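Below is one structure; the comments refer to it alone.
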Amino acid sequence: MKIAVCIKQVPDTEAEIKWDIPKGTLKRDGMNPVTNAFDEFALEEALLTREKYDGDIVAITMGPEKANDVLRSALALTVNEVHRCTDEAFAGSDTYATASVLAAALKKIGDVDVVFCGKQSTDGNTGVVGAEVAAILGWSPLTYVSKVRQIDAANKKIVVERGIEGGIEVTEAKLPAVVSVIKGINEPRLPNLMGIKKAAKVAIPQWNADDLGVDKGKVGAAGASTKVVEIAVAPPRGAGEILKGELEDIANIVTDRLIDMKVIK
Amino acid sequence: MKVFLPIILGFLVLFIGLLAISALSFWWRHYRLWFLGKEENRSDQRATRLKTLLAVTFGHFRFWKELYPGTMHFLIFWGAILIFLGKIVRLFLYPVGLTNPPQNIFKYASFVSEVGGLLVIIGGCMAVYRRYIVKPSRLETKPTNTLIYSWGAVLLMTGYFVKGYRIAIIGSGVVPDWLSWAPVSYFISRFFLILPTEPLNELLVWHRVLIHALPAFLFFAYVFITRTPLQHFFLSPINVYFHNLKSKGVLLPIPNFEEAETFGVKEISELTWKQLLDLEACTNCGRCQDVCPAHLSQKPLSPRRMTQNLKDHLRREGPKLLATPQDQRQPEAIMETSVGEDELWACTACMACEEACPVYVEQIIRNIDLRRYLVLVETKYSSEIRLTLKNLEKSNNPWGASRGTRAEWAKDLGVKSFAEVENPEFLFWVGCVGSFDARNQKVATSMVKILQANDIRFGILGNEEGCCGDPARRIGNEYLFQTTAEANIGILKGYGVKKILTLCPHCFHTLKNEYGQFGGEFQVIHHVQFLTELISSGKLKLTKPIDKVITYHDSCYLGRANRIFEAPRKILNSIPGLKLVEMERHHQRSFCCGAGGGRMWMEEHIGTRINQMRTDQAIATRAELIGTACPYCLTMLFDGIKEKGKEETMAAYDLSELVDQSM
Amino acid sequence: MANDVWVYIEHKDGETTPMSFELLGIGKTLANELGSGLCAFVIGENVENTAEEAFQCGASKVYAVEGAIFKAFNAEAYSKAASFLLEKYKPEVALFRATSQGTDVAAASAANLGFGLCTDSIGIRVDGGQIKLTRAAFGGNYTVTVVNEKAKPQIATVRPKSFAMSEKDTSKSGEVVKETFTVAEADLNTKFLEFIKSKVMVSLVEADIIVSGGRGTGGEEGFNVLKDLADTLGGAVGASRAAVDSGWIPYEHQVGQTGKTVKPKIYIACGISGAIQHMAGMRTSDCIVAINKDPDAPIFKNATIGIVGDYKVVVPKMLEKFKSKLNK
C-alpha cells in the first residue's frame with residue numbers, strides 16, 4: 001500500500017505569544033515552528049495504517065527551507081520517503097493554490113492509495129485543503145474522519161467513520177482517497193532518539209514548480225483568489241477582568257460576551 | 001589406625017576432588033554469567049571496601065535493624081564460623097597425632113566447635129520457628145529452604161553423636177576434661193553407654209564416614225553445584241565488597257549519545273556485571289519489600305520480586321546467550337518477559353530498598369536503566385509522562401506553564417535578579433514547584449523574607465531558571481536531562497555562580513551530586529542546612545512561640561540520599577513551643593511521600609495512594625503539624641490532609657514557613 | 001451591477017431544520033447593499049417544501065437540482081451539482097453554513113471552479129462594492145479580513161449563529177428554477193453506509209465549550225447544574241482532580257496534568273482553584289471564565305472573565321440568560 005501524508009509547519013500557537021506591540025504583529029522569530037497538531041494525528045494514522053497493512057509512507061509539505069524540520073520529524077518516526085514542495089512562486093498561496101501544489105505532488109508520487117491530512121492547520125484554520133485536493137484529483141473526499149475502519153487495497157475500498165453533527169456517519173469509498181482526520185483519532189507517538197539522530201543527517205529532496213508541472217501563474221500570490229486586506233490583532237490576554245456588581249448585571253455581561261464569541265451552537 | 005588411614009586418605013582425595021569440581025562449577029555457573037554484562041569499575045578504594053566487607057560480614061552491620069532476625073542470623077553465622085575453626089584445627093590431628101591427654105590446642109578447638117554447634121542450633125531453631133510458624137509475609141519458603149534446615153540439623157546432630165560415641169568408647173569412667181571441653185557430646189555420650197564397645201566402634205565408623213563426613217561433603221557440593229540460597233555465603237560478601245561507594249540515588253550519564261546505538265537496558269546482557277552479580281547475591285530475604293512504598297500500597301512492584309525475576313531471567317537466558325556468537329544473539333526483552341510496565345513505573349526512586357538491603361543490592365539505577373530504554377528507544381509510556389516530557393522540552397517546567405511567568409511569585413517581594421546583586425553570597429534556586437505551585441510559592445516567599453530579614457545578598461535567575469532536570473532523569477529521558485543540565489550549567493557559569501541555595505531536595509541532589517557529571521561543579525546547600533547555620537550562629541533569633549505538636553517527615557532526597565537528618569530537627573527544636581514527635585518510620589527508614597521517580601506528575605491508578613498512607617502515619621502520631629523541607633512532600637502531605645478530611649486539626653508546613661512565623 | 005447573492009440550503013435525510021435558512025438574513029442585507037437579489041440553492045430529491053420556506057425567509061428565487069441520486073447527501077454529487085449551478089449562473093457570492101455538509105460542498109465546489117474560498121467567516125460586509133469577509137486565524141489571535149477578487153462566484157462558509165435569522169413572512173413566495181443535472185452512481189467514489197446517533201453530546205477533547213467543576217462543586221448534585229449549562233451551550237463537562245477523587249464524577253472527565261489536555265474556545269471553571277496541575281490541562285483555552293467563592297484563588301490570575309461568587313447562584317442565572325438570549 002502506498003500511503004501519503006500532507007504536513008504543514010506552523011508557529012507554535014500554544015507557546016507564549018510574543019507580540020510586537022508597535023507593529024501590531026507577532027514576533028515570529030521568537031516563536032518555535034512546529035508540526036501542525038492536526039497533521040500529527042494524520043501522521044500517526046499513516047503509521048498505524050502501515051503497521052496494519054504493510055506499505056510505504058511518503059510525507060510531503062509545501063514550505064520554505066525551515067519546513068524541512070517537519071519532514072525530519074516525520075523521518076524520525078520512520079516514514080519511508082519525504083519531499084518538500086518549494087518555489088518562490090508558491091509564496092502567498094491561498095487554499096486552492098496550496099491544494100493544487102499538493103495535488104501535483106501526489107500525482108508525481110504516483111500510485112497513492114490513501115492520503116492522510118489534518119482537518120485544519122492551527123495558523124490558517126481554514127480546514128478545506130483536504131477537500132480541495134480530493135476535488136482536484138477526483139479522489140474520494142473523506143472529511144472529519146474519526147476512525148478508519150478498514151482499508152482493502154486489493155479491491156480499492158476504504159471504510160471510515162466520520163464525526164459530524166449529531167453522531168457518526170459510516171462511509172465507504174473507493175481508493176485513492178483523501179482522508180482528513182480530526183483531533184483525538186489516535187494518540188500520536190513521539191520519535192525515539194535513534195530516529196531523530198538518523199533523520200538529522202538525511203538530505204531532504206525538493207520539488208519546484210517545474211518538477212511538479214505546476215503553472216506558476218496559478219499559484220502563490222499571483223494565482224491566489226482570496227487576498228488578506230486587513231489584520232486585526234487580538235490584544236494579549238492579561239489577567240482578565242473580574243466582574244463586579246449585581247448578579248443580574250454580571251450574568252448579562254458574561255452571557256453577552258460569550259455569545260459574541262460566536263462559538264455556541 | 002591402619003584400617004582408617006586408607007579410608008581417610010580416600011576421603012581427602014574425594015574431598016579435594018569434590019572441592020575442585022565445586023569451584024569449577026561455581027566459576028562456570030556464576031562468574032561467566034556475570035561477565036555477560038557490561039564493564040563497570042568497582043575496584044577503586046580497596047581499603048574502604050574491605051572495611052565495609054569485614055564490618056558487614058562479621059559485625060552483621062545492617063542485620064541489627066531488626067532484633068530477632070539479626071540475633072538469629074548472628075548466632076547461626078558465628079556458630080558456623082566457630083565450628084569451622086574448630087574443625088580446621090582438628091585437621092592438624094592427623095599429621096601431629098593425638099596425645100593422651102590431648103594437647104590444649106585440640107581441647108580448645110573441641111570446645112569452640114561444641115559452642116559453635118550450640119549457637120547454630122539455637123539460631124537454627126529461631127530461624128525455623130520464624131520461617132515455619134510465624135511465617136512473615138516477606139519470606140518465601142521453597143523446598144530448598146526446608147532441605148537445608150533438615151540437612152543442617154542432621155549434620156549438627158551426627159557431629160555431636162560422633163563425638164559422643166568416641167567419649168563413650170573411652171569408657172564410663174568420668175574424665176573431667178571431656179566435660180569441660182565437650183559438654184554437649186559428653187552429655188550425649190552418657191546415652192550411648194548402654195551399648196558395649198564393639199558396636200560403639202562400628203557406630204563410630206559408620207557415623208563418622210557415612211552419616212557425618214559424607215553428608216557434610218555432599219552438603220558443600222550441593223551448595224556449590226546447585227542454586228541454593230546458601231550460596232549467599234560467598235556471593236553476598238563479594239557483592240558487599242563491590243558495593244556502590246557514591247551517594248544513593250545518583251544516576252549515571254549515558255556515556256556517548258552521539259555514537260550509541262541503543263539506550264538504557266532492553267535485555268539482560270546490557271546490565272553491568274555488577275548489576276548481574278546483584279541479582280545473584282540477593283538472598284531473597286524480602287527486607288526491601290517490607291519497606292517499599294509501592295509494595296506496601298498494593299502496586300505490582302516488589303523490589304525483591306523484581307530482582308528474583310531478573311535472576312531467573314539471567315539464569316535462563318544467560319547460558320543461551322553465551323552459547324551464541326554475538327551477532328546471532330536474539331535475546332529476550334526484559335520488559336516483555338520478566339518485568340511489567342506498571343511494576344516499573346510504580347517505583348518512586350525512594351531508595352528505601354537499597355537502605356534496607358543487608359547485602360547492598362542496588363535497585364534504583366537498574367530501574368531507571370529499564371525506563372531509559374522504554375523512553376528513549378521505544379517511546380513507550382503513558383500519556384501523562386508524554387505530556388510532562390513535552391512540557392519540560394517546550395517550557396522548561398513540567399506543567400507547561402509560560403516561561404515568562406516563572407518569576408511572577410516574586411514580583412512584589414523586591415527580589416533582585418542574580419546579575420543585579422553586588423557581591424552575592426549565593427544564587428537562590430527556587431525550582432519549578434516553588435515558582436509555579438500556589439502552596440509552594442508561599443514557601444519561597446517565606447524563604448525570601450528570612451533572607452531579607454538577615455540582610456543576605458542573594459539573587460534569583462528569574463525567567464532564566466529552568467527545571468533542574470530531575471523529573472526528566474528519573475522518568476528515564478536521559479537525553480532531555482543532559483541537554484537541560486548542560487544548558488543550566490552554561491547559564492550558571494555565565495553568571496559566575498559559585499554557591500547555590502535550593503528550596504527543593506531534588507534540585508539540591510541533582511545540582512550537587514549529578515551536575516558534576518557534565519562539568520557543573522557548584523557549592524550547593526539546601527535551605528535546611530542554611531537555616532540551621534543561621535540559627536546556631538545566633539544571627540537568626542526565633543522568639544515567637546508556636547505551641548503545637550509537630551512531626552517531621554524526612555524527605556527521601558534530603559535524608560536517605562544525602563544523609564541530612566539532624567539539621568531539620570535542630571531547626572524545629574529551636575522554635576519555642578514546638579514539640580517534636582517522630583513517626584514510626586523516620587530518619588533513614590522514612591516512608592516516601594510518593595512523588596519521587598517522576599511520579600509527582602503521574603496519577604496512581606492502582607492500590608492505595610502513597611501520600612495518604614504517609615499522612616495516616618502522621619495522623620497516628622496525633623501531631624497537629626507536619627513539618628517537611630521538600631516541595632513535593634509538602635504538596636503530597638498537604639493534599640493528603642485534605643483527602644483524609646483532617647484540615648480542621650492538621651496542617652502541613654515547610655520548615656522555612658515555621659521559621660518565618662517564629663522570627 | 002452585481003449579480004445575486006446565493007445562499008446554500010443544506011438538509012439532512014431530506015429534511016431541513018430551521019437553522020438551514022439561517023444565512024438568508026445576512027444574505028438579504030448583502031443583496032440590498034449590492035443592489036441585487038437574494039436567491040437560495042438546494043440540491044435534493046423533493047425541493048418544494050424547502051423552496052417554500054426559503055421564500056418565506058426572504059429569497060426571491062430558488063435554484064434547484066433534483067434527482068433520486070441526490071436523495072441522501074453525498075459530498076461529491078452535491079458539489080458537482082452545486083458547481084454546475086454556480087458556474088452557470090455565476091452569482092456574486094455563494095454563502096454556506098460552516099457545518100460539515102456546508103464546508104464539504106463549498107470546498108469541493110470552489111476547487112471544481114478553480115479557486116479558493118473563505119471559511120468560517122464571522123463577519124461579512126460590503127465595502128466599496130467589494131464583499132469583505134472577516135474570519136479568525138492563528139488560533140484566534142488574529143482576525144483577518146479577506147476579499148476574493150478573482151473568483152466569481154466568491155465562495156464563503158459562515159460560522160453558524162454569527163448572524164441573526166430573518167423573520168419568516170408566510171406571505172412571501174417566489175420562483176423555483178429547476179436545472180437538469182445528474183451524476184451517475186458509478187461515478188461517485190463515496191457511498192453512505194449508516195449513521196450512528198451519538199448519545200454523548202461532545203467529546204471532552206474535541207469540545208469547543210467545556211463547563212468544569214472542582215472541589216467547590218461540593219458533590220455529585222453540583223455537577224447536574226453544570227451539565228445543564230453544558231447541554232444548553234452544546235459543550236462537554238469537565239472536572240478537576242479533586243472532584244474526581246471525591247467520586248463526584250468519573251475519571252474520563254478529569255482535566256489537568258494527570259487527566260486530559262483540552263483546548264476549547266470557552267472554558268467555564270466553577271469552584272476550581274486553578275492550581276498549576278489543573279491549569280496544565282486547560283491553560284491554552286481561548287476564553288476562561290472563572291467562578292469561585294475565594295477571591296484569592298489563583299485561577300483569577302489566568303481567567304479572561306472572573307466572577308467571585310457561589311457557582312450555585314451564578315450558573316443558574318447564566319443558564320437563565322442563555323436560554324432566553326439563544327431562544328432555547
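Identifiers for the C-alpha cells are assigned positionally: chains receive A, B, ... in sequence, residues are indexed from 1 per chain, and ligands are indexed from 1 in the order shown.
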
Name the residues in contact with Arg304 (chain B) at a cut-off of 7 Å, using only C-alpha atoms, excluding same-chain residues fewer than 4 positions from it; report them as a PyMOL selection string. chain B and resi 284+286+288-289+308

I need the chosen residues saved as a compact mmCIF listing (two decimals), in the first residue's frame, with C-alpha atoms.
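Listing of part23.txt after writing:
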```
# COMPACT_ATOMS: atom_id res chain seq x y z
CA ASN B 284 15.51 -13.42 48.87
CA GLY B 286 12.50 -9.53 51.41
CA CYS B 288 13.34 -4.36 50.64
CA GLN B 289 9.77 -5.41 50.04
CA GLN B 308 14.48 -12.55 41.78
```

Per residue of chain C within 7 Å of chain B, note the shortest atom pair and the distance in Å to one decimal, counting only C-alpha atoms, and order the rows by chain and increasing residue number, as a tab-separated table.
```
residue	atom	partner	partner_atom	distance
C:Gln257	CA	B:Glu384	CA	6.7
C:Thr258	CA	B:Glu384	CA	5.6
C:Ala275	CA	B:Ala438	CA	6.5
C:Ile276	CA	B:Asp437	CA	5.7
C:Gln277	CA	B:Trp399	CA	6.6
C:Ala280	CA	B:Trp399	CA	5.1
```

Next item on the list: Give as a VMD selection string every residue of chain A that touches chain C within 7 Å, counting only C-alpha atoms.
Entry: chain A and resid 13 to 14 94 to 96 122 to 126 128 131 to 132 135 to 136 140 164 166 to 174 183 to 184 225 to 234 239 to 243 251 to 252 255 262 264 to 265

Residues of chain A that have any atom at most 9 Å from an atom of chain B: could you tabulate them with the shortest-distance atom pair and the distance in Å to one decimal, using only C-alpha atoms, ordered by chain and increasing number, as JSON lines?
```
{"residue": "A:Ala15", "atom": "CA", "partner": "B:Ser402", "partner_atom": "CA", "distance": 7.1}
{"residue": "A:Glu16", "atom": "CA", "partner": "B:Ser402", "partner_atom": "CA", "distance": 6.1}
{"residue": "A:Asn32", "atom": "CA", "partner": "B:Lys394", "partner_atom": "CA", "distance": 9.0}
{"residue": "A:Glu187", "atom": "CA", "partner": "B:Ser383", "partner_atom": "CA", "distance": 8.5}
{"residue": "A:Arg189", "atom": "CA", "partner": "B:Thr379", "partner_atom": "CA", "distance": 7.3}
{"residue": "A:Leu190", "atom": "CA", "partner": "B:Thr379", "partner_atom": "CA", "distance": 6.3}
{"residue": "A:Pro191", "atom": "CA", "partner": "B:Thr379", "partner_atom": "CA", "distance": 7.0}
{"residue": "A:Asn192", "atom": "CA", "partner": "B:Val377", "partner_atom": "CA", "distance": 5.2}
{"residue": "A:Leu193", "atom": "CA", "partner": "B:Leu376", "partner_atom": "CA", "distance": 5.5}
{"residue": "A:Met194", "atom": "CA", "partner": "B:Val377", "partner_atom": "CA", "distance": 6.9}
{"residue": "A:Gly195", "atom": "CA", "partner": "B:Val377", "partner_atom": "CA", "distance": 8.6}
{"residue": "A:Lys197", "atom": "CA", "partner": "B:Glu258", "partner_atom": "CA", "distance": 8.1}
```

Would you pick out the contacts of Lys570 (chain B) at 12 Å or less, using only C-alpha atoms, so that residues sharing its chain but fewer than 2 positions from it are not included, and give the list as a PyMOL selection string? chain B and resi 528-536+552+564-568+572-576+578-580+655+659

What does the structure give for the distance between CA of Ser236 (chain B) and CA of Leu276 (chain B), in Å to one decimal?
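Straight-line distance from CA of Ser236 (chain B) to CA of Leu276 (chain B) works out to 12.6 Å.
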
Item to check | Secondary structure check, alpha helix (DSSP H) residues of region 326-406 of chain B, as an MDAnalysis selection string | outcome: chainID B and resid 334:337 341:345 352:356 364:372 383:395

re CA of Met19 (chain C) and CA of Glu165 (chain A): distance 13.1 Å
